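Asker: Got a structure for you, written out below as structure tokens; questions coming shortly.
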Amino acid sequence: MIHAALYGDEDQAVILTYAWDRLLIDPVPGPRGPDNFTGLQPLTPAVWAVPAEARPIAPAGSTLPRLAAELRHTFALIDPRSGVEGVTRQLEELVDHLSPESIDLLDVGGDILARGDEPTLKSPLADAVTLAACCQVNAPVRLLVTGPALDGELPLDELRGALGPLIHTLTAKDTEPISSVLEWHPSEATGMLAATARGVRGTCEMRDAGLPVPLTDEGPTVHEVDLDEAITRNQLARAILTTATLDEVEAHSREICGYSEIDYERNKAAWLKDQPPVQLDPEAVLSQLDQFEAEAGSHGVTHTTFRRITEALNLNGSLREDLRQLLISSRPKQYDAPLWRIAATTE
């Protein structure tokens, strides 16, 4: 979406990204590496492309093959298992192989600008690894932050002073190239970013904890941020510059931030494993949805994500798509694509 807005629909990109879809899609904690897939294609000795025919090896899951099937760009896998040194090597090999016209490091939400001690910060590790690697690669990298505060990590008031110049404000037209993807992709931050670009305003409840996120006019903005200022601000990114394993990165995260987000996923995965399977009973689901909406609406919430509904109703992540289809077919007026609008309550 950002690439089409800044470079045009016809320009093709190589998107280097994590296979890290969290537990709703992938029941295995942490990011996936090349050995978790079949059908990958080598781009360089350290970088593998994820084509449409690639498949994650069970029980792992990944949205990347489906993205590759629906979008015209090349998707390549960030493999953080060799720490920042490994990701830096992957970037350098890609730069040598592709000689790209530009390199953008894109963060949705702005938690890449976290110091590390913020009480609302939940997932600093992935951003810190990529930031640290981009600061060491021998090529110019532009840091872009879009959807400030939409990931529910840092409040907008904390981010404003760190954001650089505004370079674009996304519109409904900008969402068109990914409109089909928005119908199924589970990313809450991307969904809210697209929704704000389409004009949706209010408060969106997200994640398993039901975090309220404001949907404002600042949601669809894209800012450029000085890379050196970002690394100076991000304590975790500075600490992991010379790490050679993911275990080292996790150790620094526990020391600086007080936790590792992969530990959270390990604990949650163990808890989910012990939960009995819950089937999709349409009548029961719609009744539970009414209760959920009444509670959310009483707190001023206007929208929510399908991930939030799935977890709030204690449904298995594999039922998310069935749940989505049930809700849209039953109550189509509440589908504020790609979010779900909370029904207005009457006294």
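Identifiers in this document derive from the order of the structure tokens: chains are assigned A, B, ..., residues are numbered from 1 separately in each chain, and ligands are numbered from 1 in order of occurrence.
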Determine, counting only C-alpha atoms, which protein, DNA and RNA residues have an atom within 10 Å of an atom of Thr171 in chain A; residues of the same chain fewer than 3 positions away are not included. Present the result as a PDB file with C-alpha atoms, in the first residue's frame.
Answerer:
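So the final result, stored in result-v4.pdb, reads:
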```
ATOM      1  CA  ALA A   5       1.396   5.401  -2.938  1.00  0.00           C
ATOM      2  CA  HIS A 168       2.233  11.412   2.417  1.00  0.00           C
ATOM      3  CA  ASP A 174      -4.132   4.091  -1.930  1.00  0.00           C
ATOM      4  CA  THR A 175      -5.794   1.054  -0.357  1.00  0.00           C
ATOM      5  CA  GLU A 176      -7.082  -0.260  -3.700  1.00  0.00           C
ATOM      6  CA  ALA A 194      -6.291   1.047   5.746  1.00  0.00           C
ATOM      7  CA  ALA A 195      -9.498   1.853   7.626  1.00  0.00           C
ATOM      8  CA  THR A 196      -8.265   5.338   8.588  1.00  0.00           C
ATOM      9  CA  ALA A 197      -7.167   5.888   4.979  1.00  0.00           C
ATOM     10  CA  ARG A 198     -10.745   5.049   3.983  1.00  0.00           C
ATOM     11  CA  GLY A 199     -12.083   7.623   6.437  1.00  0.00           C
ATOM     12  CA  PRO A 220      -3.120   7.477   7.632  1.00  0.00           C
ATOM     13  CA  THR A 221      -0.039   9.714   7.718  1.00  0.00           C
TER      14      THR A 221
END
```
Asker: Find the nearest atom pair between each residue of range 45-163 of chain A and range 201-213 of chain A for residues within 9 Å, count only C-alpha atoms, give distances in Å to one decimal, sort rows by chain and ascending number, and present the table as CSV.
Answerer:
```
residue,atom,partner,partner_atom,distance
A:Ala149,CA,A:Val213,CA,7.5
A:Leu150,CA,A:Val213,CA,6.4
A:Asp151,CA,A:Val213,CA,7.9
A:Gly152,CA,A:Val213,CA,5.9
A:Pro155,CA,A:Val213,CA,8.9
```
Asker: Please, could you write that set of residues out with N, CA, C and O atoms as a PDB file, in the first residue's frame?
Answerer:
```pdb
ATOM      1  N   ALA A 149       0.863   5.244  16.316  1.00  0.00           N
ATOM      2  CA  ALA A 149       0.076   4.761  17.465  1.00  0.00           C
ATOM      3  C   ALA A 149      -0.966   3.707  17.099  1.00  0.00           C
ATOM      4  O   ALA A 149      -1.666   3.199  17.982  1.00  0.00           O
ATOM      5  N   LEU A 150      -1.069   3.313  15.830  1.00  0.00           N
ATOM      6  CA  LEU A 150      -2.111   2.355  15.449  1.00  0.00           C
ATOM      7  C   LEU A 150      -1.792   0.923  15.865  1.00  0.00           C
ATOM      8  O   LEU A 150      -2.671   0.061  15.802  1.00  0.00           O
ATOM      9  N   ASP A 151      -0.564   0.639  16.272  1.00  0.00           N
ATOM     10  CA  ASP A 151      -0.253  -0.712  16.737  1.00  0.00           C
ATOM     11  C   ASP A 151      -0.527  -0.872  18.227  1.00  0.00           C
ATOM     12  O   ASP A 151      -0.315  -1.946  18.788  1.00  0.00           O
ATOM     13  N   GLY A 152      -0.992   0.200  18.873  1.00  0.00           N
ATOM     14  CA  GLY A 152      -1.342   0.115  20.280  1.00  0.00           C
ATOM     15  C   GLY A 152      -0.157   0.002  21.210  1.00  0.00           C
ATOM     16  O   GLY A 152      -0.303  -0.440  22.352  1.00  0.00           O
ATOM     17  N   PRO A 155       1.657   5.694  22.799  1.00  0.00           N
ATOM     18  CA  PRO A 155       0.626   6.714  22.591  1.00  0.00           C
ATOM     19  C   PRO A 155       1.107   7.786  21.614  1.00  0.00           C
ATOM     20  O   PRO A 155       2.309   8.079  21.527  1.00  0.00           O
TER      21      PRO A 155
END
```
Asker: Applying 12 Å and only C-alpha atoms, which residues near Asp322 in chain A remain after dropping the ones on its own chain fewer than 4 positions away? List them as a ChimeraX atom specification.
Answerer: /A:184,279-282,285,306,310,315-318,326-329
Asker: Quick one: of A:Ala270, A:His185, A:Gln275, A:Ala344, who's nearest to His303 in chain A, counting only C-alpha atoms?
Answerer: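 Looking only at the distances to His303 in chain A, the closest residue turns out to be A:Ala344.
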Asker: If you run DSSP on the backbone, which residues of range 79-301 of chain A are helix (DSSP H, G or I), as a ChimeraX atom specification?
Answerer: /A:80-98,111-113,125-134,156-159,172-182,188-197,227-233,235-239,246-257,261-273,282-298
Asker: Could you make a table, as CSV, of the residues of range 168-231 of chain A that have an atom within 12 Å of an atom of range 105-121 of chain A, each with its nearest atom pair and distance in Å to one decimal, counting only C-alpha atoms, in chain and number order?
Answerer:
```
residue,atom,partner,partner_atom,distance
A:Ser187,CA,A:Val108,CA,10.5
A:Glu188,CA,A:Val108,CA,10.3
A:Ala189,CA,A:Val108,CA,6.7
A:Thr190,CA,A:Val108,CA,7.3
A:Gly191,CA,A:Val108,CA,10.7
A:Met192,CA,A:Gly109,CA,10.1
A:Leu193,CA,A:Val108,CA,8.1
A:Ala194,CA,A:Val108,CA,11.2
A:Ala209,CA,A:Thr120,CA,11.8
A:Leu211,CA,A:Thr120,CA,10.1
A:Pro212,CA,A:Thr120,CA,11.9
A:Val213,CA,A:Gly109,CA,10.8
A:Pro214,CA,A:Gly109,CA,11.9
A:Leu215,CA,A:Gly109,CA,12.0
A:Glu218,CA,A:Gly109,CA,11.0
A:Gly219,CA,A:Gly109,CA,8.8
A:Pro220,CA,A:Val108,CA,10.1
A:Thr221,CA,A:Val108,CA,10.3
A:Val222,CA,A:Val108,CA,9.2
A:His223,CA,A:Gly110,CA,9.9
A:Glu224,CA,A:Leu106,CA,9.5
A:Val225,CA,A:Leu113,CA,9.2
A:Asp226,CA,A:Leu113,CA,10.5
A:Leu227,CA,A:Leu105,CA,9.3
A:Asp228,CA,A:Leu113,CA,11.0
A:Glu229,CA,A:Leu113,CA,8.9
A:Ala230,CA,A:Leu113,CA,5.7
A:Ile231,CA,A:Leu113,CA,8.0
```
Asker: Keeping only C-alpha atoms, write the selected residues to a file as an mmCIF file, in the first residue's frame.
Answerer:
```
data_model
loop_
_atom_site.group_PDB
_atom_site.id
_atom_site.type_symbol
_atom_site.label_atom_id
_atom_site.label_comp_id
_atom_site.auth_asym_id
_atom_site.auth_seq_id
_atom_site.Cartn_x
_atom_site.Cartn_y
_atom_site.Cartn_z
ATOM 1 C CA SER A 187 -2.682 -7.777 10.682
ATOM 2 C CA GLU A 188 -4.583 -5.478 13.023
ATOM 3 C CA ALA A 189 -2.264 -2.487 12.524
ATOM 4 C CA THR A 190 -2.478 -2.728 8.729
ATOM 5 C CA GLY A 191 -6.241 -3.113 8.937
ATOM 6 C CA MET A 192 -6.601 0.016 11.057
ATOM 7 C CA LEU A 193 -4.184 1.903 8.797
ATOM 8 C CA ALA A 194 -6.291 1.047 5.746
ATOM 9 C CA ALA A 209 -6.220 -7.594 25.955
ATOM 10 C CA LEU A 211 -6.585 -2.375 23.909
ATOM 11 C CA PRO A 212 -8.445 0.780 22.748
ATOM 12 C CA VAL A 213 -6.734 2.543 19.821
ATOM 13 C CA PRO A 214 -7.924 5.959 18.562
ATOM 14 C CA LEU A 215 -8.672 6.143 14.820
ATOM 15 C CA GLU A 218 -3.208 11.220 11.984
ATOM 16 C CA GLY A 219 -3.747 7.492 11.412
ATOM 17 C CA PRO A 220 -3.120 7.477 7.632
ATOM 18 C CA THR A 221 -0.039 9.714 7.718
ATOM 19 C CA VAL A 222 3.423 8.610 6.552
ATOM 20 C CA HIS A 223 6.464 10.277 8.136
ATOM 21 C CA GLU A 224 10.166 10.096 7.417
ATOM 22 C CA VAL A 225 12.358 9.702 10.523
ATOM 23 C CA ASP A 226 16.112 10.185 10.779
ATOM 24 C CA LEU A 227 17.699 6.728 11.089
ATOM 25 C CA ASP A 228 20.487 7.912 13.394
ATOM 26 C CA GLU A 229 17.992 9.594 15.718
ATOM 27 C CA ALA A 230 15.971 6.389 15.847
ATOM 28 C CA ILE A 231 18.950 4.226 16.825
#
```
Asker: Check the smallest atom-to-atom distance from each of A:Arg81, A:Thr216, A:Lys122, A:Thr146 to Gly258 in chain A using only C-alpha atoms, then report the winner.
Answerer: A:Lys122
Asker: Excluding range 136-140 of chain A and residues on its chain fewer than 2 positions from it, collect all residues at most 10 Å away from it, counting only C-alpha atoms, and give them as a PyMOL selection string.
Answerer: chain A and resi 84-85+87-93+95-96+99-100+102-104+131-134+142-143+227+241
Asker: Smallest atom-to-atom distance to Glu265 in chain A: which of A:Leu67, A:Met1, A:Val28, A:Leu163, using only C-alpha atoms?
Answerer: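 For Glu265 in chain A, the nearest of the given residues is A:Val28.
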Asker: What does the distance between CA of Asp263 in chain A and CA of Asp247 in chain A come to in Å, to one decimal place?
Answerer: 11.1 Å
Asker: I'd like the contact shell of Leu77 in chain A - 7 Å cut-off, only C-alpha atoms, skipping same-chain residues fewer than 5 positions apart - returned as a list of chain:residue names.
Answerer: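 Listing them by chain and then by number gives A:Leu16, A:Thr17, A:Tyr18, A:Ala19, A:Val47, A:Trp48, A:Ala49, A:Val50.
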Asker: Under the rule that only C-alpha atoms are counted, which of A:Glu70, A:Glu158, A:Glu248, A:Glu293 is the nearest residue to Arg341 in chain A?
Answerer: A:Glu293
Asker: Could you tell me which of A:Thr130, A:Ala76, A:Ala337, A:Ala269 comes closest to Ser180 in chain A if we count only C-alpha atoms?
Answerer: A:Ala337
Asker: Please report the interatomic distance between CA of Asp26 in chain A and CA of Pro56 in chain A in Å with one decimal.
Answerer: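 According to the coordinates, CA of Asp26 in chain A and CA of Pro56 in chain A are separated by 9.6 Å.
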Asker: Nearest to Leu94 in chain A among A:Thr44, A:Glu261, A:Arg55, A:Ala69, with distances taken over only C-alpha atoms: which residue is it?
Answerer: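 For Leu94 in chain A, the nearest of the candidates is A:Thr44.
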